[in-house]
Amino acid sequence: MQFILLRTAARIRYRFEEDMTMSLSIMRRFTFCAGHRLVGHEGKCQNLHGHNYVVEIYVTGHEQDSVGRILDFKLLKERCKGWLDENWDHSFILWDQDENGLAAIRSSEPHRIYELASNPTAENMALHLLNEVCPKILAGTGASAFKVRLWESEETCAEVELDA
C-alpha cells in the first residue's frame with residue numbers, strides 16, 4: 001500500500017487513496033491523586049473530596065523524527081508526569097474565587113493548593129491541561145497536544161479536543 005504524507009497545520013496525515021486519509025498521533029496515560037470541590041454544586045461534590053484521576057494526553061506533530069516517532073514516549077512522560085507531580089498530585093485543586101475552600105485548606109499545615117481560574121470540574125481541568133499546560137510543557141519538542149481525556153472515576157470522564 002502506498003501513501004503520501006500530507007503536512008497540515010495541526011497533525012501528521014497520510015493519504016492512501018484520493019478519498020482516504022489517516023492521522024498519526026500518540027497517547028500516554030498518567031495517574032495522580034488530588035482533592036477539589038465544586039462551588040455551586042447541588043450535591044456531595046460541593047464538599048471537599050478527592051479522586052484518583054487518570055489523564056490521557058494525545059499528541060501529534062508536523063513530522064516524524066529520524067527514528068519514526070512523533071515524540072519519544074520517555075520525553076512525553078518526563079514533561080507531563082513531571083508537571084502533574086509538581087502541581088496536581090496530592091494537592092487540592094481549587095477555584096481561585098473559592099475563598100472559603102482556600103481558607104479551609106490554608107488553615108491546615110502542611111498543604112498543597114493549585115489555584116485554577118475556573119471551578120475545578122473535570123471539564124475545566126481538561127481544558128486547562130490542553131490550553132494552558134500542554135503548550136508550555138511540550139514547547140520545543142515539535143509535538144503538540146490535541147486532545148485530553150480526564151477520568152475522575154472509572155465511570156466518568158471529560159474530554160476536550162482541538163478541532164482540526
# chains A, B, ... in the order shown; residues from 1 in each chain; ligands from 1
$ select_by_dssp --residues "chain A" --states "strand (DSSP E or B)" --output "PyMOL selection string"
chain A and resi 4-7+12-17+20-24+26-36+49-61+91-95+113-116+143-151+157-161
$ residues_around --residues "A:Gly35" --least-positions-apart "3" --cutoff "6 Å" --atoms "only C-alpha atoms" --output "VMD selection string"
chain A and resid 49 to 50 92
$ residues_around --residues "A:Asn131" --least-positions-apart "2" --cutoff "12 Å" --atoms "only C-alpha atoms" --output "MDAnalysis selection string"
chainID A and resid 124:129 133:138 144:148 160:162
$ write_last_selection --atoms "C-alpha atoms" --output "compact mmCIF listing (two decimals), in the first residue's frame"
# COMPACT_ATOMS: atom_id res chain seq x y z
CA ASN A 124 -12.37 22.70 33.25
CA MET A 125 -9.36 20.69 34.40
CA ALA A 126 -9.11 19.01 30.97
CA LEU A 127 -9.42 22.42 29.26
CA HIS A 128 -6.68 23.82 31.49
CA LEU A 129 -4.34 20.95 30.66
CA VAL A 133 -0.28 23.39 30.46
CA CYS A 134 0.46 21.25 27.39
CA PRO A 135 1.65 24.12 25.15
CA LYS A 136 4.18 25.12 27.83
CA ILE A 137 5.49 21.68 28.74
CA LEU A 138 5.70 20.47 25.13
CA SER A 144 1.59 19.38 20.44
CA ALA A 145 -1.36 18.03 22.37
CA PHE A 146 -4.67 17.99 20.53
CA LYS A 147 -6.83 16.04 22.99
CA VAL A 148 -7.04 15.47 26.73
CA VAL A 160 -11.60 18.16 25.17
CA GLU A 161 -10.21 18.08 21.63
CA LEU A 162 -8.94 20.78 19.31
$ closest_residue --among "A:Cys33, A:Ala139, A:Leu71, A:Leu94" --to "A:Arg106" --atoms "only C-alpha atoms"
A:Leu94
$ closest_residue --among "A:Ala103, A:Leu116, A:Leu150, A:Ala34" --to "A:Asp85" --atoms "only C-alpha atoms"
A:Ala34
$ closest_residue --among "A:Val39, A:Ile113, A:Leu102, A:Cys45" --to "A:Asn87" --atoms "only C-alpha atoms"
A:Ile113
